[in-house]
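Coordinates as given in upload-v6.txt (compact mmCIF, C-alpha atoms and all ligand atoms):
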```txt
# COMPACT_ATOMS: atom_id res chain seq x y z
CA MET D 166 -18.78 -13.30 11.44
CA LEU D 167 -22.37 -12.05 11.11
CA HIS D 168 -20.98 -9.00 9.37
CA HIS D 169 -19.70 -11.21 6.58
CA THR D 170 -23.24 -12.43 5.97
CA THR D 171 -24.49 -8.91 5.36
CA GLN D 172 -21.58 -8.31 2.98
CA MET D 173 -22.28 -11.54 1.13
CA THR D 174 -25.94 -10.85 0.51
CA ARG D 175 -25.60 -7.21 -0.42
CA PRO D 176 -26.69 -6.88 -4.06
CA THR D 177 -23.66 -5.10 -5.47
CA ASP D 178 -21.39 -5.50 -8.43
CA PRO D 179 -19.59 -8.84 -8.06
CA LEU D 180 -16.32 -7.09 -7.19
CA GLY D 181 -16.51 -3.38 -6.72
CA SER D 182 -18.50 -0.75 -4.94
CA ARG D 183 -18.69 2.89 -5.92
CA PRO D 184 -16.94 5.18 -3.45
CA ARG D 185 -18.83 8.29 -2.26
CA GLN D 186 -15.90 10.29 -3.60
CA THR D 187 -13.11 8.99 -5.83
CA PHE D 188 -9.42 9.47 -5.01
CA LEU D 189 -8.35 12.92 -6.30
CA ASN D 190 -11.67 12.99 -8.22
CA TRP D 191 -10.34 10.44 -10.70
CA THR D 192 -12.80 8.71 -13.02
CA TYR D 193 -14.58 5.76 -11.41
CA GLU D 194 -14.23 2.53 -13.39
CA GLU D 195 -16.30 -0.27 -11.96
CA GLN D 196 -15.32 -2.95 -14.48
CA PRO D 197 -12.12 -4.76 -13.46
CA THR D 198 -11.76 -5.85 -17.10
CA ALA D 199 -11.16 -2.17 -17.99
CA TRP D 200 -8.64 -1.49 -15.20
CA SER D 201 -5.60 -2.55 -17.21
CA LYS D 202 -6.29 0.21 -19.78
CA ALA D 203 -5.37 2.78 -17.12
CA ASP D 204 -1.91 4.28 -16.64
CA VAL D 205 -2.54 4.42 -12.90
CA LEU D 206 -5.18 2.49 -10.97
CA LEU D 207 -6.20 3.01 -7.36
CA VAL D 208 -8.38 0.44 -5.61
CA GLY D 209 -9.56 -0.02 -2.04
CA ILE D 210 -9.29 -3.46 -0.47
CA PRO D 211 -11.21 -3.10 2.78
CA GLN D 212 -10.79 -6.58 4.27
CA SER D 213 -8.23 -9.30 4.85
CA GLU D 214 -8.48 -12.59 6.72
CA PRO D 215 -9.94 -11.83 10.16
CA TYR D 216 -8.58 -13.22 13.42
CA PRO D 217 -11.03 -15.12 15.63
CA GLY D 218 -12.56 -12.84 18.23
CA GLU D 219 -11.72 -9.62 16.40
CA PRO D 220 -14.41 -7.53 14.69
CA SER D 221 -14.90 -8.21 10.99
CA PRO D 222 -15.07 -5.99 9.07
CA ASN D 223 -12.68 -4.07 11.32
CA ASP D 224 -12.34 -0.31 11.53
CA GLN D 225 -9.49 -0.29 9.01
CA SER D 226 -12.02 -1.45 6.38
CA ARG D 227 -13.44 2.10 6.49
CA ALA D 228 -10.09 3.66 5.57
CA PRO D 229 -10.32 3.58 1.75
CA ASP D 230 -13.36 5.87 1.76
CA ALA D 231 -12.08 7.95 4.71
CA ILE D 232 -8.86 8.69 2.79
CA ARG D 233 -10.68 9.41 -0.50
CA GLN D 234 -12.97 11.83 1.37
CA MET D 235 -9.93 13.94 2.33
CA SER D 236 -8.74 14.32 -1.29
CA GLY D 237 -9.59 18.04 -1.22
CA GLN D 238 -7.35 18.45 1.86
CA PHE D 239 -4.25 16.56 0.73
CA CYS D 240 -4.61 18.05 -2.76
CA ASP D 241 -6.44 21.37 -3.02
CA GLY D 242 -6.69 20.84 -6.76
CA LEU D 243 -4.75 19.00 -9.44
CA GLU D 244 -3.80 22.38 -10.96
CA ASN D 245 -2.69 23.85 -7.61
CA TRP D 246 1.02 24.30 -7.01
CA ASP D 247 2.45 21.40 -4.99
CA PHE D 248 5.56 22.54 -3.14
CA ASP D 249 6.64 18.95 -2.44
CA LEU D 250 6.52 18.13 -6.13
CA GLY D 251 7.70 21.49 -7.46
CA ALA D 252 4.79 21.51 -9.92
CA PRO D 253 1.03 21.00 -9.96
CA LEU D 254 0.25 17.26 -9.91
CA ALA D 255 -1.74 17.68 -13.17
CA ASP D 256 1.49 18.69 -14.95
CA VAL D 257 3.14 15.32 -14.38
CA MET D 258 0.30 12.81 -14.26
CA PRO D 259 -0.54 10.63 -17.26
CA GLN D 260 -3.93 10.76 -19.02
CA ARG D 261 -5.65 7.74 -17.61
CA CYS D 262 -5.80 7.78 -13.79
CA VAL D 263 -8.68 5.62 -12.59
CA ASP D 264 -10.30 4.81 -9.25
CA GLY D 265 -11.64 1.24 -9.34
CA GLY D 266 -13.64 1.60 -6.14
CA ASN D 267 -13.46 -0.99 -3.38
CA VAL D 268 -12.94 -4.69 -3.97
CA CYS D 269 -15.45 -5.92 -1.43
CA TRP D 270 -15.76 -9.32 0.21
CA ASN D 271 -18.80 -10.87 -1.49
CA ALA D 272 -17.50 -14.47 -1.47
CA ASP D 273 -18.31 -17.26 0.98
CA THR D 274 -14.78 -17.77 2.27
CA TYR D 275 -11.72 -15.61 2.67
CA LEU D 276 -9.69 -17.75 0.29
CA GLU D 277 -12.34 -17.27 -2.41
CA HIS D 278 -12.33 -13.53 -1.78
CA SER D 279 -8.53 -13.22 -1.84
CA ALA D 280 -8.37 -15.27 -5.06
CA ARG D 281 -10.79 -12.78 -6.64
CA VAL D 282 -8.70 -9.86 -5.43
CA ARG D 283 -5.59 -11.52 -6.84
CA ASP D 284 -7.20 -12.38 -10.17
CA SER D 285 -8.70 -8.90 -10.65
CA ILE D 286 -5.33 -7.24 -10.04
CA ALA D 287 -2.96 -9.58 -11.91
CA PRO D 288 -3.94 -8.22 -15.38
CA VAL D 289 -3.30 -4.68 -14.08
CA PHE D 290 0.30 -5.52 -13.20
CA ALA D 291 0.66 -7.51 -16.44
CA ALA D 292 -0.42 -4.45 -18.48
CA GLY D 293 2.20 -2.23 -16.85
CA THR D 294 -0.38 -0.09 -15.03
CA GLN D 295 0.93 1.45 -11.81
CA LEU D 296 -1.17 0.23 -8.88
CA PHE D 297 -2.09 2.02 -5.65
CA VAL D 298 -4.04 0.16 -2.99
CA LEU D 299 -5.82 1.56 0.05
CA GLY D 300 -6.30 -0.97 2.87
CA GLY D 301 -7.72 -2.36 4.97
CA ASP D 302 -5.41 -3.90 7.50
CA HIS D 303 -1.98 -5.22 6.55
CA GLY D 304 -3.34 -8.61 5.47
CA ILE D 305 -4.47 -7.05 2.18
CA THR D 306 -0.87 -6.93 0.93
CA THR D 307 -0.84 -10.71 0.49
CA PRO D 308 -3.31 -11.09 -2.42
CA VAL D 309 -1.78 -8.02 -4.11
CA LEU D 310 1.69 -9.57 -4.08
CA GLN D 311 0.20 -12.89 -5.19
CA ALA D 312 -1.18 -11.02 -8.22
CA LEU D 313 2.27 -9.65 -8.98
CA ASP D 314 3.69 -13.16 -8.59
CA LEU D 315 1.32 -14.40 -11.33
CA THR D 316 2.93 -11.95 -13.76
CA GLY D 317 6.43 -13.30 -13.11
CA THR D 318 7.87 -9.81 -12.50
CA SER D 319 10.54 -9.69 -9.79
CA VAL D 320 10.47 -6.94 -7.18
CA HIS D 321 12.26 -5.84 -4.05
CA VAL D 322 9.74 -5.15 -1.27
CA VAL D 323 10.19 -1.93 0.70
CA HIS D 324 8.16 -2.11 3.91
CA ILE D 325 7.57 0.80 6.29
CA ASP D 326 6.13 -0.34 9.62
CA ALA D 327 6.76 -0.27 13.37
CA HIS D 328 6.26 -4.03 13.30
CA LEU D 329 7.96 -6.98 11.60
CA ASP D 330 4.75 -8.75 10.39
CA TRP D 331 6.54 -12.11 9.98
CA ARG D 332 4.16 -14.43 11.89
CA ASP D 333 3.58 -17.71 10.01
CA GLU D 334 0.12 -17.87 11.59
CA VAL D 335 -1.84 -16.47 14.49
CA ASN D 336 -4.58 -18.67 15.95
CA GLY D 337 -4.56 -20.70 12.74
CA VAL D 338 -4.98 -17.63 10.50
CA ARG D 339 -2.18 -17.36 7.92
CA ASN D 340 -3.28 -14.31 5.90
CA GLY D 341 -4.00 -11.76 8.62
CA TYR D 342 -2.25 -8.48 9.40
CA SER D 343 0.59 -10.10 11.37
CA SER D 344 1.81 -12.22 8.41
CA PRO D 345 2.14 -10.18 5.18
CA LEU D 346 5.95 -10.08 5.06
CA ARG D 347 6.25 -13.79 5.89
CA ARG D 348 3.83 -14.55 3.01
CA ALA D 349 5.80 -12.17 0.77
CA SER D 350 9.04 -14.03 1.55
CA GLU D 351 7.48 -17.22 0.15
CA LEU D 352 6.71 -15.71 -3.27
CA ARG D 353 9.04 -16.20 -6.21
CA CYS D 354 8.50 -12.62 -7.39
CA VAL D 355 9.95 -11.23 -4.15
CA THR D 356 13.74 -11.35 -4.39
CA GLY D 357 14.38 -9.48 -1.16
CA MET D 358 13.00 -6.96 1.29
CA THR D 359 13.97 -3.89 3.29
CA GLN D 360 11.89 -3.29 6.42
CA ILE D 361 12.10 0.28 7.69
CA GLY D 362 10.85 1.97 10.87
CA LEU D 363 10.96 -1.03 13.22
CA ARG D 364 10.70 -0.25 16.92
CA GLY D 365 9.15 -1.39 20.18
CA THR D 366 7.45 -4.76 20.18
CA GLY D 367 4.74 -6.39 18.09
CA SER D 368 3.54 -9.89 17.27
CA ALA D 369 7.09 -11.01 16.41
CA ARG D 370 9.00 -13.18 18.89
CA ARG D 371 12.56 -14.52 18.59
CA PRO D 372 11.61 -17.20 15.97
CA GLU D 373 10.01 -14.57 13.68
CA TYR D 374 12.98 -12.22 14.10
CA GLU D 375 15.38 -15.05 13.31
CA ALA D 376 13.30 -16.18 10.31
CA ALA D 377 13.41 -12.66 8.84
CA CYS D 378 17.19 -12.48 9.39
CA ALA D 379 17.73 -15.97 7.93
CA TYR D 380 15.74 -14.97 4.83
CA GLY D 381 18.02 -11.97 4.42
CA SER D 382 15.50 -9.23 5.12
CA ASN D 383 17.28 -5.95 5.79
CA LEU D 384 15.86 -4.67 9.08
CA ILE D 385 16.31 -0.92 9.60
CA THR D 386 15.00 0.46 12.88
CA ALA D 387 13.37 3.87 13.21
CA SER D 388 16.27 4.99 15.38
CA ALA D 389 18.77 3.88 12.71
CA VAL D 390 16.92 6.06 10.18
CA ARG D 391 17.15 9.00 12.60
CA GLU D 392 20.86 8.42 13.32
CA ASN D 393 22.09 7.70 9.78
CA GLY D 394 19.62 9.55 7.56
CA ILE D 395 17.66 8.51 4.51
CA GLU D 396 20.67 8.41 2.17
CA HIS D 397 22.01 5.57 4.24
CA VAL D 398 18.67 3.75 3.88
CA LEU D 399 18.47 4.35 0.13
CA GLU D 400 22.01 3.03 -0.38
CA GLN D 401 20.94 -0.28 1.12
CA ILE D 402 17.97 -0.81 -1.23
CA PRO D 403 19.04 -2.64 -4.41
CA ARG D 404 18.71 -0.24 -7.33
CA ASP D 405 18.65 -2.66 -10.25
CA ILE D 406 15.13 -4.00 -9.62
CA PRO D 407 11.58 -2.56 -9.47
CA ILE D 408 9.99 -1.92 -6.08
CA TYR D 409 6.77 -2.95 -4.41
CA LEU D 410 6.10 -0.56 -1.52
CA THR D 411 3.93 -1.38 1.47
CA ILE D 412 3.33 1.26 4.14
CA ASP D 413 1.70 0.54 7.47
CA ALA D 414 0.44 3.83 8.89
CA ASP D 415 1.95 2.92 12.28
CA GLY D 416 5.41 2.99 10.69
CA LEU D 417 5.16 6.76 10.80
CA ASP D 418 5.23 8.62 14.08
CA PRO D 419 1.83 8.88 15.80
CA THR D 420 2.22 12.68 15.72
CA CYS D 421 1.64 12.54 11.93
CA MET D 422 -0.47 9.35 11.72
CA PRO D 423 -2.29 9.04 15.06
CA GLY D 424 -5.31 7.10 13.74
CA VAL D 425 -3.98 3.53 14.01
CA GLN D 426 -4.80 0.45 16.08
CA ALA D 427 -1.25 -0.03 17.41
CA PRO D 428 0.43 3.37 17.82
CA SER D 429 4.13 3.18 18.60
CA PRO D 430 6.07 6.28 19.70
CA GLY D 431 9.38 7.15 18.06
CA GLY D 432 8.37 6.56 14.44
CA LEU D 433 9.41 8.05 11.13
CA GLN D 434 8.48 11.68 10.66
CA ALA D 435 6.37 12.67 7.65
CA ASP D 436 9.00 14.96 6.09
CA VAL D 437 11.71 12.30 6.29
CA THR D 438 9.40 9.62 4.88
CA LEU D 439 8.16 11.85 2.05
CA ALA D 440 11.73 12.73 1.04
CA MET D 441 12.76 9.07 1.12
CA LEU D 442 9.78 7.99 -1.00
CA ARG D 443 10.34 10.75 -3.55
CA ALA D 444 14.00 9.79 -3.92
CA LEU D 445 13.12 6.11 -4.30
CA ALA D 446 10.33 6.76 -6.85
CA ILE D 447 12.65 8.92 -8.95
CA ARG D 448 15.49 6.39 -8.79
CA GLN D 449 13.56 3.26 -9.77
CA PRO D 450 10.06 2.12 -10.80
CA ILE D 451 7.59 1.51 -8.00
CA LEU D 452 5.22 -0.99 -9.64
CA GLY D 453 2.71 -0.96 -6.83
CA MET D 454 2.13 0.57 -3.44
CA ASP D 455 -0.28 -0.10 -0.62
CA LEU D 456 -1.13 2.10 2.35
CA VAL D 457 -2.69 0.10 5.17
CA GLU D 458 -3.85 0.21 8.79
CA VAL D 459 -5.42 3.65 8.87
CA SER D 460 -8.14 3.39 11.53
CA PRO D 461 -10.66 6.22 11.04
CA ALA D 462 -12.28 5.70 14.47
CA TYR D 463 -8.96 6.61 16.12
CA ASP D 464 -8.20 9.53 13.84
CA ILE D 465 -8.27 13.06 15.23
CA ALA D 466 -11.00 15.55 14.35
CA ASN D 467 -9.22 17.06 11.33
CA GLN D 468 -8.45 13.57 9.85
CA LEU D 469 -4.69 14.13 9.94
CA THR D 470 -3.98 10.41 9.44
CA SER D 471 -5.99 10.26 6.21
CA ILE D 472 -4.38 13.49 5.01
CA THR D 473 -0.86 12.16 5.67
CA ALA D 474 -1.85 8.92 3.90
CA GLY D 475 -2.89 10.95 0.88
CA ARG D 476 0.37 12.91 0.90
CA LEU D 477 2.40 9.68 0.99
CA LEU D 478 0.53 8.41 -2.07
CA MET D 479 0.93 11.74 -3.86
CA ALA D 480 4.68 11.76 -3.17
CA VAL D 481 5.08 8.38 -4.90
CA LEU D 482 2.67 9.31 -7.71
CA GLY D 483 4.31 12.64 -8.43
CA ALA D 484 7.91 11.40 -8.30
CA SER D 485 7.07 8.27 -10.34
CA TRP D 486 5.62 10.27 -13.25
CA ALA D 487 7.63 13.48 -13.12
CA GLN D 488 10.20 13.93 -15.83
CA GLY D 489 12.92 11.41 -15.08
CA GLY D 490 10.68 9.52 -12.64
CA GLY D 491 11.28 5.81 -12.25
CA PHE D 492 7.91 4.60 -13.47
CA ALA D 493 7.76 7.07 -16.37
CA ARG D 494 11.18 5.86 -17.60
CA ARG D 495 10.00 2.25 -17.41
CA ARG D 496 6.86 3.13 -19.43
CA ILE D 497 8.88 4.87 -22.15
CA GLY D 498 11.24 1.88 -22.30
CA ALA D 499 8.32 -0.53 -22.63
CA SER D 500 6.66 1.45 -25.46
CA LYS D 501 9.96 1.61 -27.40
CA HIS D 502 10.18 -2.17 -27.29
CA ALA D 503 6.51 -2.68 -28.20
MN MN D 601 1.90 -4.02 9.52
```

Show this structure as C-alpha cells.
Amino acid sequence: MLHHTTQMTRPTDPLGSRPRQTFLNWTYEEQPTAWSKADVLLVGIPQSEPYPGEPSPNDQSRAPDAIRQMSGQFCDGLENWDFDLGAPLADVMPQRCVDGGNVCWNADTYLEHSARVRDSIAPVFAAGTQLFVLGGDHGITTPVLQALDLTGTSVHVVHIDAHLDWRDEVNGVRNGYSSPLRRASELRCVTGMTQIGLRGTGSARRPEYEAACAYGSNLITASAVRENGIEHVLEQIPRDIPIYLTIDADGLDPTCMPGVQAPSPGGLQADVTLAMLRALAIRQPILGMDLVEVSPAYDIANQLTSITAGRLLMAVLGASWAQGGGFARRRIGASKHA
C-alpha cells in the first residue's frame, strides 16, 4: 500500500501522465476534455483494485508503456504494407487518432480512482469515439464498462481469456482481476457475453461456473475453438448489436503471449485469434476494446508478448476502419442522421 502513497503525492496532471512513447506515434492529448474530439482514443489504465497481500502497483501496471514502446516492432511504419490488413494502416485510419496517456491512480481510494476513470471515459463513448485501453490487470475492464453503461448503449461482451473471471469477490475485493465478467453481468448495458479460450483452472469454482451459465454466458473452450474453427465461434456471437471486446493476454497460447502472470498451455494461437478479430470487426462495430494482463517482467527478451498485444489491437483497428468495416459503417450512419 506504500506504493499508493507515492502515486498519490506525485505532482502530475490530475488524470494523465505522458507516455515515453505514444502508441503508433499518435498525438498525445493530455486533456480528457479533448478526448471525445478524437475518432480513435487509446488510453492506458495501469491499476485496478489490488488484492490484500499482492504488490500494488503490480507488474501489469507497466504494460501500457511496455506495449507502446514496441510500436516500431508491431508496426514498422503507418505507411508500410501490412499483410494482415492488405493495405498500409495509414490508408484506412481516420484523421484523429489520439493517445491520452495513462490514467493514473492519484486518488485516496480505489473507488474514487475508478469513478474518475469511468467519468473521464464516458464522454468518449458518448461522442462515438472508438476506445482502446491498455491494462493493467483485468480489473480495469470494470470502470470502462461502467463508463459505457452511463451512455445507455447496449453491447455484447466478447471475452478472450483462459479464465472465467466471475468471482463476486476475493478476500473482500469486488473489483479485482478475478471479477470483471461478474461485474459486467450486472450492468444494464451488457445484454450478453461470449467467453472464448477457457481452459484449465482459475479462480472460478462450481458456484462461479453455475452463475455464468445461469446468466446465459456462452462459454467456448480453447479446445472447442480448435475443433470447430472460428466460423463456428462467430456464428454464436449475436450480430445485431455492437461489441465490447476484452482480451486477457493469457487467453492466447503462451507460445505467442508468454509474458503473463498465469500462463495456461493449450491457448488460442495468434493467427486464429487475429483472423477471428478481423472478421468480427468487419461484421459489426467494436465500440471499445481492452488488452489486459501483459506482465513485462515475465516477457521474453524480444518482447513478443507486447508485440502480439500490438498486433491484436492493430487487427481490430484496421478491420474496424477499413472500407466496409463495422465501426466505419456505424460512423457514416451516425453522421447521416446528425
Ligand atoms: Mn482475466

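Of the listed residues D:Gly209, D:Gly416, D:Pro259, D:Gly266, the one whose atoms come nearest to ligand MN 601 (chain D) is D:Gly416, with distances taken using all atoms listed in the file.
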
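Comparing D:Thr198, D:Thr187, D:Gln311, D:Thr438 by their smallest distance to D:Ala474, the closest is D:Thr438 (using all atoms listed in the file).
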
Write out as a PDB file with C-alpha atoms, keeping the file's coordinate frame the residues lying within 12 Å of D:Thr366, counting only C-alpha atoms and excluding same-chain residues fewer than 6 positions away.
```
ATOM      1  CA  ASP D 326       6.130  -0.340   9.620  1.00  0.00           C
ATOM      2  CA  ALA D 327       6.760  -0.270  13.370  1.00  0.00           C
ATOM      3  CA  HIS D 328       6.260  -4.030  13.300  1.00  0.00           C
ATOM      4  CA  LEU D 329       7.960  -6.980  11.600  1.00  0.00           C
ATOM      5  CA  ASP D 330       4.750  -8.750  10.390  1.00  0.00           C
ATOM      6  CA  TYR D 374      12.980 -12.220  14.100  1.00  0.00           C
ATOM      7  CA  THR D 386      15.000   0.460  12.880  1.00  0.00           C
ATOM      8  CA  ALA D 427      -1.250  -0.030  17.410  1.00  0.00           C
ATOM      9  CA  PRO D 428       0.430   3.370  17.820  1.00  0.00           C
ATOM     10  CA  SER D 429       4.130   3.180  18.600  1.00  0.00           C
ATOM     11  CA  PRO D 430       6.070   6.280  19.700  1.00  0.00           C
TER      12      PRO D 430
END
```

TODO: List the neighbours of D:Cys378 out to 12 Å using only C-alpha atoms; skip same-chain residues closer than 5 positions along the sequence, and give me the result as a list in words.
DONE: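 Here the qualifying residues turn out to be Leu329, Trp331, Arg347, Ser350, Gly357, Met358, Thr359, Gln360, Arg371, Pro372, Glu373, Asn383, Leu384 and Ile385 of chain D.
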
Task: Of the listed residues D:Val457, D:Ala292, D:Ile361, D:Val282, that which approaches ligand MN 601 (chain D) most closely, counting only C-alpha atoms and all ligand atoms - done: D:Val457

- [ ] Can you tell me which residues come within 10 Å of ligand MN 601 (chain D) when counting all atoms listed in the file, ideally as a PyMOL selection string?
- [x] chain D and resi 302-304+306+324-331+341-346+367-368+411-416+427+456-458

TODO: Compile the contact shell of D:Ala389 as a VMD selection string: residues with an atom at most 12 Å away, counting all atoms listed in the file, same-chain residues fewer than 3 positions apart removed.
DONE: chain D and resid 360 to 364 384 to 386 392 to 398 431 to 433

Task: Close residues, D:Glu195 itself excluded, 8 Å, all atoms listed in the file, min 6 positions apart in chain, as a list in words - done: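 Within the cut-off, the hits are Gly181, Ser182, Arg183, Gly265 and Gly266 of chain D.
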
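Checking D:Thr470, D:Leu442, D:Ser382, D:Ser221 one by one against D:Met454, counting all atoms listed in the file, you find the shortest gap at D:Leu442.
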
Open item on the list: Need the shell around D:Arg495: protein/DNA/RNA residues with any atom at most 7 Å away, counting all atoms listed in the file. Skip same-chain ones fewer than 4 positions apart. Format as a list in words?
Closed with: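 Surrounding residues, per the criterion: Pro450, Gly491 and Ala499 of chain D.
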
Would you mind completing stretch 417-436 of chain D so that it carries N, CA and C atoms, and writing it out as a short mmCIF file (atom, residue, chain, number, x, y, z; two decimals), in the coordinates of the input?
```cif
data_model
loop_
_atom_site.label_atom_id
_atom_site.label_comp_id
_atom_site.auth_asym_id
_atom_site.auth_seq_id
_atom_site.Cartn_x
_atom_site.Cartn_y
_atom_site.Cartn_z
N LEU D 417 4.89 5.33 10.58
CA LEU D 417 5.16 6.76 10.80
C LEU D 417 4.90 7.11 12.26
N ASP D 418 5.42 8.22 12.69
CA ASP D 418 5.23 8.62 14.08
C ASP D 418 3.76 8.96 14.33
N PRO D 419 3.25 8.57 15.51
CA PRO D 419 1.83 8.88 15.80
C PRO D 419 1.51 10.37 15.78
N THR D 420 2.52 11.24 15.83
CA THR D 420 2.22 12.68 15.72
C THR D 420 1.74 13.04 14.31
N CYS D 421 2.13 12.24 13.29
CA CYS D 421 1.64 12.54 11.93
C CYS D 421 0.61 11.52 11.45
N MET D 422 0.58 10.31 12.04
CA MET D 422 -0.47 9.35 11.72
C MET D 422 -1.01 8.73 13.02
N PRO D 423 -1.80 9.52 13.76
CA PRO D 423 -2.29 9.04 15.06
C PRO D 423 -3.39 7.98 14.95
N GLY D 424 -4.13 7.96 13.84
CA GLY D 424 -5.31 7.10 13.74
C GLY D 424 -4.96 5.68 13.34
N VAL D 425 -4.36 4.93 14.26
CA VAL D 425 -3.98 3.53 14.01
C VAL D 425 -4.36 2.68 15.22
N GLN D 426 -4.44 1.37 15.00
CA GLN D 426 -4.80 0.45 16.08
C GLN D 426 -3.66 0.24 17.07
N ALA D 427 -2.41 0.31 16.56
CA ALA D 427 -1.25 -0.03 17.41
C ALA D 427 -0.21 1.08 17.35
N PRO D 428 -0.52 2.26 17.92
CA PRO D 428 0.43 3.37 17.82
C PRO D 428 1.71 3.06 18.58
N SER D 429 2.83 3.47 18.01
CA SER D 429 4.13 3.18 18.60
C SER D 429 4.97 4.45 18.55
N PRO D 430 5.32 5.02 19.71
CA PRO D 430 6.07 6.28 19.70
C PRO D 430 7.46 6.11 19.09
N GLY D 431 8.01 7.20 18.59
CA GLY D 431 9.38 7.15 18.06
C GLY D 431 9.45 6.73 16.61
N GLY D 432 8.40 7.01 15.83
CA GLY D 432 8.37 6.56 14.44
C GLY D 432 8.97 7.54 13.46
N LEU D 433 8.87 7.20 12.18
CA LEU D 433 9.41 8.05 11.13
C LEU D 433 8.55 9.31 11.02
N GLN D 434 9.21 10.44 10.86
CA GLN D 434 8.48 11.68 10.66
C GLN D 434 8.01 11.78 9.20
N ALA D 435 6.94 12.56 8.99
CA ALA D 435 6.37 12.67 7.65
C ALA D 435 7.36 13.26 6.65
N ASP D 436 8.10 14.31 7.06
CA ASP D 436 9.00 14.96 6.09
C ASP D 436 10.11 14.02 5.64
#
```
